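Single-structure report; data block below.
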2 protein chains.
Amino acid sequence: MGSAHSSCSLLTTSSTEHFCFPQSPICVSKLRPANQNQIRSIKFTSHSFRCCSSLQNLPSRCNQVGEFETQVKSLKTMADIHGIDQELLNKIVYDALVWSSLHGLVVGDKSVKRSGTVPGVGLVHSPIALLPGSFPETHWKQACELVSIFNELVDRVSLDGKFLQESLSRTKKADDFTSRLLDIHSKMLQMDKKEEIRLGLHRSDYMLDEKTKLLLQVELNTISSSFAGLSQIVSKLHSDLLDQYGEVLGLDSRMIPENNSGKQFAEALAKAWTEYNNPSTVIMIVVQAEERNMYDQHWLSVHLRKRHNVKTIRKTLAEIDREGELQSDGTLLVDGQAVAVVYFRAGYTPIDYPSETEWAARLLVEQSSAVKCPSISYHLAGTKKIQQELAKPNVLERFLDNKEDIAKIRKCFAGLWSLDDKDIVKKAIEAPDLFVMKPQREGGGNNIYGDDVRKTLVRLQKEGNVEDAAYILMQRIFPSVYPTIFVRDGICHKDHAISELGIFGAYLRKKDKVIVNDQCGYLMRTKVSSSNEGGVAAGFAVLDSIYLT
Amino acid sequence: MGSAHSSCSLLTTSSTEHFCFPQSPICVSKLRPANQNQIRSIKFTSHSFRCCSSLQNLPSRCNQVGEFETQVKSLKTMADIHGIDQELLNKIVYDALVWSSLHGLVVGDKSVKRSGTVPGVGLVHSPIALLPGSFPETHWKQACELVSIFNELVDRVSLDGKFLQESLSRTKKADDFTSRLLDIHSKMLQMDKKEEIRLGLHRSDYMLDEKTKLLLQVELNTISSSFAGLSQIVSKLHSDLLDQYGEVLGLDSRMIPENNSGKQFAEALAKAWTEYNNPSTVIMIVVQAEERNMYDQHWLSVHLRKRHNVKTIRKTLAEIDREGELQSDGTLLVDGQAVAVVYFRAGYTPIDYPSETEWAARLLVEQSSAVKCPSISYHLAGTKKIQQELAKPNVLERFLDNKEDIAKIRKCFAGLWSLDDKDIVKKAIEAPDLFVMKPQREGGGNNIYGDDVRKTLVRLQKEGNVEDAAYILMQRIFPSVYPTIFVRDGICHKDHAISELGIFGAYLRKKDKVIVNDQCGYLMRTKVSSSNEGGVAAGFAVLDSIYLT
């Protein structure tokens, strides 16, 4: 399993390249040299740039579907996506931008100061892939099948306090953040605190390894799994575009799997609220003070209110510390309002705890009778170190009974090793390109790739503390590279891309009764293939959906 | 009838006042001295400013509906709206901003350069009134009843070429724009061009005169009647807010009349397309090169595509000149695409005709067999001069047969005079506050109020060309002033306001068969009471809906 997922790292933007026509949407094709065999139909022009005229002046023949039909029929393979007629492309981009604006597929624009705090201002369409990325149906089904097993696994691991404490004991020394989480966890163990209602809203992220054709898990997020709100809308956008242009593109909107991620997460939250069984309570969303991805969260609140008549409030950890109190029966009151469910969209990174105030708030929440999504145990069960522990022989067997389930899960584990495995460290120094070094520190990012793996390991060896270092080693996954059309900030970019498929899962349990154990749609994120880092990628990752092949 | 309506004049913004907390939504109350009797319950503090703390930190007790109930119960009258508890107000504003962002109630932000040309960038919530403005049900019904009569009247006036030419003969000398429109009209008369399918999408704007309690028509827009797309969504926003907060506010969402303006305008356009009877054609929206109100238009396109499977293209007049041609049978081709319906969202102001190119495009369209919305005759029938002519004794009788209809229409006419009426000119010099001078020049704005009326008339008298001047005089309407809460650019403002109610109407006729003659929802626009000009108002006019009382 892996690190907590930053809810807005995907949306971190660098300045976008404007080549011409700065006042209009631009299509830029940036063709990179291929390093993967499967891209056959694209002519590669190393770092060549082509610039089209402005969209505004070019939607003219867009309705003459017949004309394009012969030109782009081969698009069925998706490999030919860069070959879409420029005029048609402009029209699709224009429609995608309009659709996004009208249907709430929006984020806060980094360049507008208030966009992370005041809703309604500084809005910009979410960065998106123009068309869904192809994904093999067999691997899609495999990923879906894993959801309920991982949901159950997290729950069982969370109940084994000793396993969590022991597995993380070395990380505790190296990483202050994990250490603080473990302190809270210890307190709960001492108090013999039981979570009778347990809610998990997870997202398991996978990449498809090109060489082995295996679906490999990158990480499992058990806290603040983001984009359930927006991802559902991206799939709708893609369906709508294929309803319009599918015929001319040779694509069928029915090949985009149904995605109700936002509605389903809201439903799980509502069910947890129902189990808490006090109609005067609310669901509290723990938020960062600034959040440009707020609309992703607001979508869940809207579903909760409109579909389930459940109210939400938004509070930062600092506010919870200031306004929160526990009643004698364990009820969490925040500014006088009883809270049934605490849904963390903050608190997954050290940055969210700038002072003792925030830690006090986290502890207060944990001590309460409110349903925590996640509890401290669920949070710890999602750390990279636990992911690595679970990958060790015979560890899954501690938690799961069904051999088939164990085999299914194990099949998706990439190689994961701690740095006390000397053979692996040696191997990684020799062939650093085959590994990723992941810091134990939570909060995403900071992974080490390529020759830096070698350098870091050599340095740590010299310093004599390889084993204590707050890293794990992971098999580097080489996903398929394929041509994509990125759209961000009103500009479209042709480039080659890799994708990461996240499957949302919800788990709700009250004592012995499993109330929800479901897959809840998915998130496809796609980024320029040349960048290493998961969501960050110098602002080039975009929201996507999948097209089954 | 009156001037063509600028599609984005409402949205012209001046810099908004920020008093504090520049990073968060702010509520500013700016209470003005009352000059109307009906405002009883507000304590007036001349130009006093009150500033609340940031919204972000204050949504805390928002769910404790019970607490507020006693505080604001008197809001039933709407006169007490400024008395809403500040904390509750912050919560409602926050929810309104979120709702607007998620549901496409957006416009292009003036401060973002590309926001008028590239969709999806520089979005900001539409300026809105936080809650619907009260409006007497009797006057609402009266305005609704007038729709079909005005629709019919416009059609009949449009068929009387001689009446149009003669009535506008003096305006032709004074106003080059009207002169050019009349030239096209003359050409069509010479050609004996008949419009067999006639489509009107009008908006009749009214104010409620406080003294006489009469509903008086300000103008009738027969070209580019804007905001049908967004107005429907504002009503939905207000309904949704009252579904949430109605109980605590003492307001009932069912008192907001149903408003399907966008869907109904789209339906009328689709029906005109159907009558044209060529499934391979499109509807062409004639647009300005830059349009920050584009989403209002895009909503119609979305309805046309999703509900009626009709495609739209967007073209400027310059593009139509460049890409347009007439086939021998009169079919209008634009860039090779046959056009069934030409829907003007540009072309109503001289600014849209910077060169002969644009006039050539307008003529080309007029000569074609496409359904024009509006035709040149419909356009001319909506000028202020024609509005004034129709107000003369016995003129309505030329066009309408039913005496009751004539009486109903006449009842809503404000006083309208040409400047050759010496008694009225004298009266206006003596009591300029009772009049508005409206220029014949089309395109909205430039009205003359107060002492400027006297000064202008005296100057024109001295120059000896009062009669030839391109003005009409209109009775000044003094609408009710009432407290409102404005929300624009993420900031809420308490102030006193006046409103203008526009009723959308659609009329579609093929030869003798009237296919559509319907009311199509409404638009309420509300602005700070201290400003004179219709939509502009230094950026303070906002979209609103109505609450029947």
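Each chain in the structure tokens gets a letter, A, B and so on, in the order shown; residues start at 1 in every chain, and ligands are counted from 1 in the order they appear.
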Just the residues within 9 Å of Ala361 in chain A, please, counting only C-alpha atoms, with nothing from its chain fewer than 3 positions along; format it as number ranges by chain. A: 317-322, 324, 356-358, 364-366
Output file for the selection above: N, CA and C atoms, as a PDB file, in the first residue's frame:
```pdb
ATOM      1  N   LEU A 317      -8.409  21.757  10.543  1.00  0.00           N
ATOM      2  CA  LEU A 317      -8.002  21.164  11.824  1.00  0.00           C
ATOM      3  C   LEU A 317      -7.884  22.245  12.899  1.00  0.00           C
ATOM      4  N   ALA A 318      -7.388  23.421  12.522  1.00  0.00           N
ATOM      5  CA  ALA A 318      -7.260  24.509  13.496  1.00  0.00           C
ATOM      6  C   ALA A 318      -8.639  24.927  14.022  1.00  0.00           C
ATOM      7  N   GLU A 319      -9.605  24.981  13.136  1.00  0.00           N
ATOM      8  CA  GLU A 319     -10.964  25.331  13.580  1.00  0.00           C
ATOM      9  C   GLU A 319     -11.542  24.259  14.493  1.00  0.00           C
ATOM     10  N   ILE A 320     -11.244  23.017  14.159  1.00  0.00           N
ATOM     11  CA  ILE A 320     -11.761  21.924  14.993  1.00  0.00           C
ATOM     12  C   ILE A 320     -11.169  22.023  16.396  1.00  0.00           C
ATOM     13  N   ASP A 321      -9.893  22.387  16.454  1.00  0.00           N
ATOM     14  CA  ASP A 321      -9.274  22.546  17.770  1.00  0.00           C
ATOM     15  C   ASP A 321      -9.948  23.679  18.550  1.00  0.00           C
ATOM     16  N   ARG A 322     -10.248  24.745  17.842  1.00  0.00           N
ATOM     17  CA  ARG A 322     -10.820  25.935  18.483  1.00  0.00           C
ATOM     18  C   ARG A 322     -12.270  25.705  18.895  1.00  0.00           C
ATOM     19  N   GLY A 324     -14.047  22.673  18.731  1.00  0.00           N
ATOM     20  CA  GLY A 324     -14.483  21.303  19.011  1.00  0.00           C
ATOM     21  C   GLY A 324     -14.479  20.966  20.487  1.00  0.00           C
ATOM     22  N   GLU A 356       0.926  22.287  17.219  1.00  0.00           N
ATOM     23  CA  GLU A 356       0.299  21.297  18.107  1.00  0.00           C
ATOM     24  C   GLU A 356      -1.227  21.362  18.039  1.00  0.00           C
ATOM     25  N   THR A 357      -1.714  22.540  17.683  1.00  0.00           N
ATOM     26  CA  THR A 357      -3.152  22.755  17.535  1.00  0.00           C
ATOM     27  C   THR A 357      -3.797  21.685  16.656  1.00  0.00           C
ATOM     28  N   GLU A 358      -3.185  21.442  15.508  1.00  0.00           N
ATOM     29  CA  GLU A 358      -3.767  20.507  14.540  1.00  0.00           C
ATOM     30  C   GLU A 358      -3.693  19.073  15.067  1.00  0.00           C
ATOM     31  N   LEU A 364      -8.550  14.794  19.182  1.00  0.00           N
ATOM     32  CA  LEU A 364      -9.935  15.014  19.633  1.00  0.00           C
ATOM     33  C   LEU A 364     -10.915  14.205  18.777  1.00  0.00           C
ATOM     34  N   VAL A 365     -10.734  14.300  17.474  1.00  0.00           N
ATOM     35  CA  VAL A 365     -11.614  13.560  16.549  1.00  0.00           C
ATOM     36  C   VAL A 365     -11.517  12.060  16.823  1.00  0.00           C
ATOM     37  N   GLU A 366     -10.266  11.593  17.000  1.00  0.00           N
ATOM     38  CA  GLU A 366     -10.048  10.150  17.165  1.00  0.00           C
ATOM     39  C   GLU A 366     -10.689   9.630  18.443  1.00  0.00           C
TER      40      GLU A 366
END
```
So that I can check the surroundings of Asp155 in chain A, please list as a PyMOL selection string every protein, DNA and RNA residue that reaches within 12 Å of it, counting only C-alpha atoms and ignoring chain neighbours fewer than 5 positions away. chain A and resi 148-150+160-161+195-202+222+374-382+399-400+506-512+514+517
Selection export as a CSV table (one decimal), in the first residue's frame, atoms kept: C-alpha atoms:
```csv
chain,number,residue,atom,x,y,z
A,148,SER,CA,-13.7,-5.7,-2.1
A,149,ILE,CA,-10.6,-7.8,-1.1
A,150,PHE,CA,-8.5,-4.7,-0.5
A,160,ASP,CA,-4.2,-5.5,14.4
A,161,GLY,CA,-2.8,-2.7,16.4
A,195,GLU,CA,-14.5,1.8,16.3
A,196,GLU,CA,-17.9,0.1,16.0
A,197,ILE,CA,-18.8,1.8,12.7
A,198,ARG,CA,-15.8,1.8,10.3
A,199,LEU,CA,-15.9,3.7,7.0
A,200,GLY,CA,-13.2,3.5,4.4
A,201,LEU,CA,-13.2,5.5,1.2
A,202,HIS,CA,-10.2,4.2,-0.5
A,222,THR,CA,-6.9,5.2,2.7
A,374,PRO,CA,-10.4,7.3,8.1
A,375,SER,CA,-9.7,6.2,11.6
A,376,ILE,CA,-6.1,6.5,12.7
A,377,SER,CA,-5.8,2.7,12.1
A,378,TYR,CA,-7.1,2.9,8.6
A,379,HIS,CA,-4.8,5.8,8.0
A,380,LEU,CA,-1.8,3.8,9.1
A,381,ALA,CA,-2.9,0.7,7.2
A,382,GLY,CA,-2.4,2.8,4.1
A,399,PHE,CA,-5.3,-11.2,7.5
A,400,LEU,CA,-7.1,-13.0,4.7
A,506,ALA,CA,-16.1,2.1,-0.1
A,507,TYR,CA,-16.3,-0.1,2.9
A,508,LEU,CA,-18.7,0.4,5.8
A,509,ARG,CA,-19.1,-1.9,8.7
A,510,LYS,CA,-20.9,-1.8,11.9
A,511,LYS,CA,-19.6,-4.4,14.3
A,512,ASP,CA,-19.9,-7.7,12.5
A,514,VAL,CA,-20.6,-5.3,6.5
A,517,ASN,CA,-18.1,-3.2,0.3
```
Show which residues sit within 7 Å of range 494-502 of chain B, as a PDB file with C-alpha atoms, in the first residue's frame. Count only C-alpha atoms, and ignore same-chain residues fewer than 5 positions away.
```pdb
ATOM      1  CA  VAL B  28     -20.629  44.403   2.971  1.00  0.00           C
ATOM      2  CA  SER B  29     -23.758  46.168   3.999  1.00  0.00           C
ATOM      3  CA  LYS B  30     -24.220  49.561   2.443  1.00  0.00           C
ATOM      4  CA  LEU B  31     -27.444  50.930   3.766  1.00  0.00           C
ATOM      5  CA  ARG B  32     -28.797  53.936   1.965  1.00  0.00           C
ATOM      6  CA  HIS B  82     -30.891  42.925   5.360  1.00  0.00           C
ATOM      7  CA  ARG B 203     -37.999  39.927 -24.351  1.00  0.00           C
ATOM      8  CA  SER B 204     -40.368  42.595 -23.115  1.00  0.00           C
ATOM      9  CA  ASP B 205     -38.909  44.535 -20.186  1.00  0.00           C
ATOM     10  CA  TYR B 206     -41.092  46.131 -17.542  1.00  0.00           C
ATOM     11  CA  MET B 207     -40.792  48.199 -14.432  1.00  0.00           C
ATOM     12  CA  PRO B 479     -39.927  51.657  -9.531  1.00  0.00           C
ATOM     13  CA  SER B 480     -40.179  50.401  -5.979  1.00  0.00           C
ATOM     14  CA  VAL B 481     -36.946  50.458  -4.059  1.00  0.00           C
ATOM     15  CA  TYR B 482     -36.315  47.514  -1.774  1.00  0.00           C
ATOM     16  CA  PRO B 483     -33.419  45.999   0.140  1.00  0.00           C
ATOM     17  CA  THR B 484     -31.426  43.365  -1.706  1.00  0.00           C
ATOM     18  CA  ILE B 485     -28.276  41.348  -1.279  1.00  0.00           C
ATOM     19  CA  PHE B 486     -26.006  41.484  -4.300  1.00  0.00           C
ATOM     20  CA  TYR B 522     -38.468  35.412 -17.529  1.00  0.00           C
ATOM     21  CA  LEU B 523     -35.447  37.436 -16.548  1.00  0.00           C
ATOM     22  CA  MET B 524     -35.308  39.609 -13.480  1.00  0.00           C
ATOM     23  CA  ARG B 525     -32.494  42.110 -13.357  1.00  0.00           C
ATOM     24  CA  THR B 526     -31.775  44.020 -10.231  1.00  0.00           C
ATOM     25  CA  LYS B 527     -29.479  46.948  -9.677  1.00  0.00           C
ATOM     26  CA  VAL B 528     -28.517  49.428  -7.025  1.00  0.00           C
ATOM     27  CA  SER B 529     -31.310  51.993  -6.810  1.00  0.00           C
TER      28      SER B 529
END
```
Residues near Phe227 in chain A, anyone? I mean within 8 Å using only C-alpha atoms, not counting same-chain ones fewer than 2 positions away, as a list in words.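 So, after excluding close chain neighbours, the residues are Ser7, Ser225, Gly229, Leu230, Ser231, Asp296, Gln297 and Leu523 of chain A.
Note that CA of Tyr547 in chain A and CA of Ser134 in chain A are 4.5 Å apart.
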Find the residue from B:Ala289, B:His493, B:Lys427, B:Tyr295 that sits nearest to Ile81 in chain B; use only C-alpha atoms when measuring.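 Ranked by minimum distance to Ile81 in chain B, first place goes to B:His493.
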